[in-house]
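Written out below as structure tokens is the structure these notes cover.
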Amino acid sequence: MPEVDILQYAFMQRALITGIATAIVCGLLSCWITHMGWSLMGDAISHSILPGVVIAHLLGLPYLVGALVFALITVVLVGQVKKSQIVRPDTAIGIVFTTFFALGTVLISKVPSQINLSHILFGNLLGVTTPDMLQVLCIGLPIAILLILKNKDLTLLSFDPTQVQAIGLSTKTLTSFLLVALALAIVISLQAVGVILSVSLLIVPGACARLLTNQMRHMLWISPLIATVSVLIGITGSYYLDASSGGMIGLTLGVVFCIIFILKSLPKLTFRHILDKN
Amino acid sequence: MNLCVSQLCAWYEKKDREKPIIYDVNFSLSKGDLCALVGVNGAGKSTLFKALMDTIAWEGSLTWGKQPLSQARKQGKVAYVPQTEAIDSTFPLLVKDVVMQGRYVHQGWMRIPSAQDKELVAQALERVNLADLADRPLAQLSGGQRKRVFVARGIAQAAELMFLDEPFAGVDARSEAIITGQLNDLSKEGKTLLVSIHDINLAQEKFPLCLVINKTITAQGPSKEILSGDALLQNLGISEDTHIEEVLHA
């Protein structure tokens, strides 16, 4: 078994741990992001963190700090521009994230540093250091636990926000929690898939799970499972083909979605059928 | 126990202060009242509910008994049945999952249902004749059945006060009969109900009380009098030569 061999490398172990942690968090979030219509928002946050990464590097801070600051700035700015109602919401998102991404590109080209642009853009899972891995675990684990504990409230928020208000909860608080969780998930997915492809880990697993089941509670384990399997296949493929890890993960997710989509189109052969029966 | 709404004004945004959608709304409902909320499109029926649910900017006083309505909501005393058109009908939930949402307010913060919660959900589904569809995905139901699911969610919540936003819009005769029957029973059980409705005849036949809204409350009292009186067109804000049913069904 070749997998046994590659597991002996410390870098491979770090890659697997980081990858699985990222997959679980993104896979969970994916269940709500796809229903909240936040795909573009995810794309926006991921692109906007580029300047944060560069600035953190300049200041000698962990890159996660810079990324997180810019992710949160994006969330607040998009909210403000949307609130003004002068431009459409998708326009507001587009303006904010392209400006930040452009700033990041300019910073990288002008500031002398050893930052490898392609690692930020497309991830570098096989090059994860131990501190990187610990940062991902420290952020990822608490989010995953909170998401699981509050899963029913989050589902209610994406299904019927008025009912959230009706029972005296605050839609604003729950929405903010989900947005911050989204920002953090994107920040930790930087290592695995990079800023460009992080949105694939946030959308595709949820979309796949939705094709397989009609029940949110099943989506909540199917989606992280699909994300995890895709990350494992992606890492392995990346190692043997010497290809970009982020690219391989994104590609695997796309292929998995296609397979499920085709299977689902075949009558009476769907997993959804089997799951719903039970 | 009274629902007391006084001096209520509401806006989409706080900055639109000069242009309130509804203004100076005053009314009160007593325990066991079954009241229709009648008005033309754009008269502010949904806005009134949004203000009661605190989803838009509003000013004034909203109380249930001696406590503010917001506090009553936190205690699960207020149930809301939404316009189902506003809900994603393909959302991956089973019928019983949706009805269980009515119990969340009485559960711990992880929303783990007790045996009693499950029993109340089953009873609520029984009351709206959907017990056999409890395990169906919401997406497989007809429009009328979906309305009944949300009515069942309101019943399962065991609230004292219920707001229903257009529960009869686009439903079949069978669902309409089941829902009106349940509203009557709930009223007899001492629940206070405010139901927005566009069908004047239905409001007259099935609802003892009514409120007429046209940006503000223009009439209130027994449905039979208010909805057949000469002043109805004026109260609704319709010019005399318009056919009333045309406007209400627009």
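Identifiers in this document derive from the order of the structure tokens: chains are assigned A, B, ..., residues are numbered from 1 separately in each chain, and ligands are numbered from 1 in order of occurrence.
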
Contact table chain A vs chain B, cut-off 9 Å, shortest pair per residue, only C-alpha atoms, as a Markdown table:
| residue | atom | partner | partner_atom | distance |
| --- | --- | --- | --- | --- |
| A:His35 | CA | B:Phe91 | CA | 7.8 |
| A:Ile148 | CA | B:Met110 | CA | 8.9 |
| A:Leu149 | CA | B:Met110 | CA | 5.7 |
| A:Lys150 | CA | B:Met110 | CA | 6.0 |
| A:Asn151 | CA | B:Met110 | CA | 8.0 |
| A:Lys152 | CA | B:Arg111 | CA | 6.8 |
| A:Asp153 | CA | B:Arg111 | CA | 8.1 |
| A:Leu156 | CA | B:Gln101 | CA | 7.5 |
| A:Phe159 | CA | B:Asp88 | CA | 6.9 |
| A:Asp160 | CA | B:Ile87 | CA | 6.5 |
| A:Thr162 | CA | B:Met53 | CA | 7.2 |
| A:Gln163 | CA | B:Tyr80 | CA | 6.8 |
| A:Gln165 | CA | B:Met53 | CA | 6.1 |
| A:Ala166 | CA | B:Met53 | CA | 5.7 |
| A:Ile167 | CA | B:Arg73 | CA | 5.1 |
| A:Gly168 | CA | B:Lys74 | CA | 4.0 |
| A:Leu169 | CA | B:Lys74 | CA | 7.0 |
| A:Thr171 | CA | B:Thr55 | CA | 8.8 |
| A:Arg210 | CA | B:Pro92 | CA | 7.5 |
| A:Thr213 | CA | B:Pro92 | CA | 7.5 |
| A:Asn214 | CA | B:Pro92 | CA | 4.5 |
| A:Gln215 | CA | B:Pro92 | CA | 4.6 |
| A:Met216 | CA | B:Pro92 | CA | 5.4 |
| A:Arg217 | CA | B:Leu93 | CA | 8.5 |
| A:Met219 | CA | B:Pro92 | CA | 8.6 |
| A:Asp276 | CA | B:Arg136 | CA | 8.8 |

Skip B:Thr216 itself and residues of its chain fewer than 3 positions away, then list as JSON, numbers by chain all residues within 7 Å of it, counting only C-alpha atoms.
{"B": [22, 23, 24, 25, 213]}

- Query: Skipping near chain neighbours, those fewer than 5 positions away, what residues fall within 8 Å of stretch 223-229 of chain B using only C-alpha atoms, listed as JSON, numbers by chain?
  - Reply: {"B": [36, 200, 203, 204, 205, 207, 208, 209, 210]}

Within 12 Å of A:Cys208 using only C-alpha atoms, minus same-chain residues under 5 positions, as a count of residues only:
35

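Remark: for A:Leu232, the closest of the candidate residues A:Met41, A:Ile143, A:Ala15, A:Leu179 is A:Ala15 (distances computed over only C-alpha atoms).
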
What's the 8 Å shell around stretch 56-61 of chain B, counting only C-alpha atoms, without same-chain residues fewer than 2 positions away, as a ChimeraX atom specification?
-> /B:4-14,50-51,54,63,68

Taking the DSSP assignment computed from this structure's backbone, write out as a PyMOL selection string all residues of stretch 34-271 of chain A that belong to alpha helix (DSSP H).
-> chain A and resi 34-36+39-48+50-59+63-84+89-110+117-122+130-149+151-159+161-166+171-212+216-241+245-265+271

| Can you list, as a PyMOL selection string, every protein, DNA or RNA residue that comes within 10 Å of stretch 62-72 of chain A when you count only C-alpha atoms, leaving out same-chain residues fewer than 2 positions away? | chain A and resi 42+44-60+74-78+97+100+131-132+135-136+139+179-180+182-188+190-191

Let's have the selection written as a CSV table (one decimal), in the first residue's frame, with C-alpha atoms.
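Writing the result to part-v2.csv gives the following:
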chain,number,residue,atom,x,y,z
A,42,GLY,CA,-17.3,33.5,0.6
A,44,ALA,CA,-15.2,37.9,-1.5
A,45,ILE,CA,-13.8,37.1,1.9
A,46,SER,CA,-11.3,34.7,0.5
A,47,HIS,CA,-9.9,37.2,-2.1
A,48,SER,CA,-9.9,40.1,0.3
A,49,ILE,CA,-7.5,38.4,2.8
A,50,LEU,CA,-4.6,38.6,0.3
A,51,PRO,CA,-3.3,42.0,1.5
A,52,GLY,CA,-3.7,40.9,5.1
A,53,VAL,CA,-1.4,38.0,4.5
A,54,VAL,CA,1.3,40.2,2.9
A,55,ILE,CA,1.1,42.8,5.7
A,56,ALA,CA,1.3,40.2,8.4
A,57,HIS,CA,4.4,38.8,6.8
A,58,LEU,CA,5.9,42.3,6.7
A,59,LEU,CA,5.2,42.8,10.4
A,60,GLY,CA,6.5,39.4,11.3
A,74,THR,CA,-14.5,42.8,4.4
A,75,VAL,CA,-17.5,41.5,6.3
A,76,VAL,CA,-18.1,44.9,7.9
A,77,LEU,CA,-17.4,46.9,4.7
A,78,VAL,CA,-19.7,44.8,2.6
A,97,PHE,CA,-13.2,42.2,-2.8
A,100,PHE,CA,-8.7,44.4,-1.7
A,131,PRO,CA,3.0,26.1,13.9
A,132,ASP,CA,0.7,26.5,10.9
A,135,GLN,CA,-3.0,27.5,14.4
A,136,VAL,CA,-5.4,25.7,12.1
A,139,ILE,CA,-9.1,27.9,15.2
A,179,LEU,CA,-20.2,35.3,9.1
A,180,VAL,CA,-17.3,35.2,11.6
A,182,LEU,CA,-17.1,31.8,7.5
A,183,ALA,CA,-14.3,34.3,7.8
A,184,LEU,CA,-12.3,32.0,10.1
A,185,ALA,CA,-13.0,28.9,8.0
A,186,ILE,CA,-11.6,30.7,4.9
A,187,VAL,CA,-8.6,31.9,6.8
A,188,ILE,CA,-7.7,28.3,7.9
A,190,LEU,CA,-5.6,29.2,3.1
A,191,GLN,CA,-3.0,26.4,3.7

Between atom CA of B:Ser175 and atom CA of B:Ala131, what is the distance, to one decimal in Å?
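According to the coordinates, atom CA of B:Ser175 and atom CA of B:Ala131 are separated by 14.1 Å.
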
Can you work out the spacing between atom CA of B:Trp64 and atom CA of B:Leu161 in Å, to one decimal?
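Interatomic distance here is 8.5 Å.
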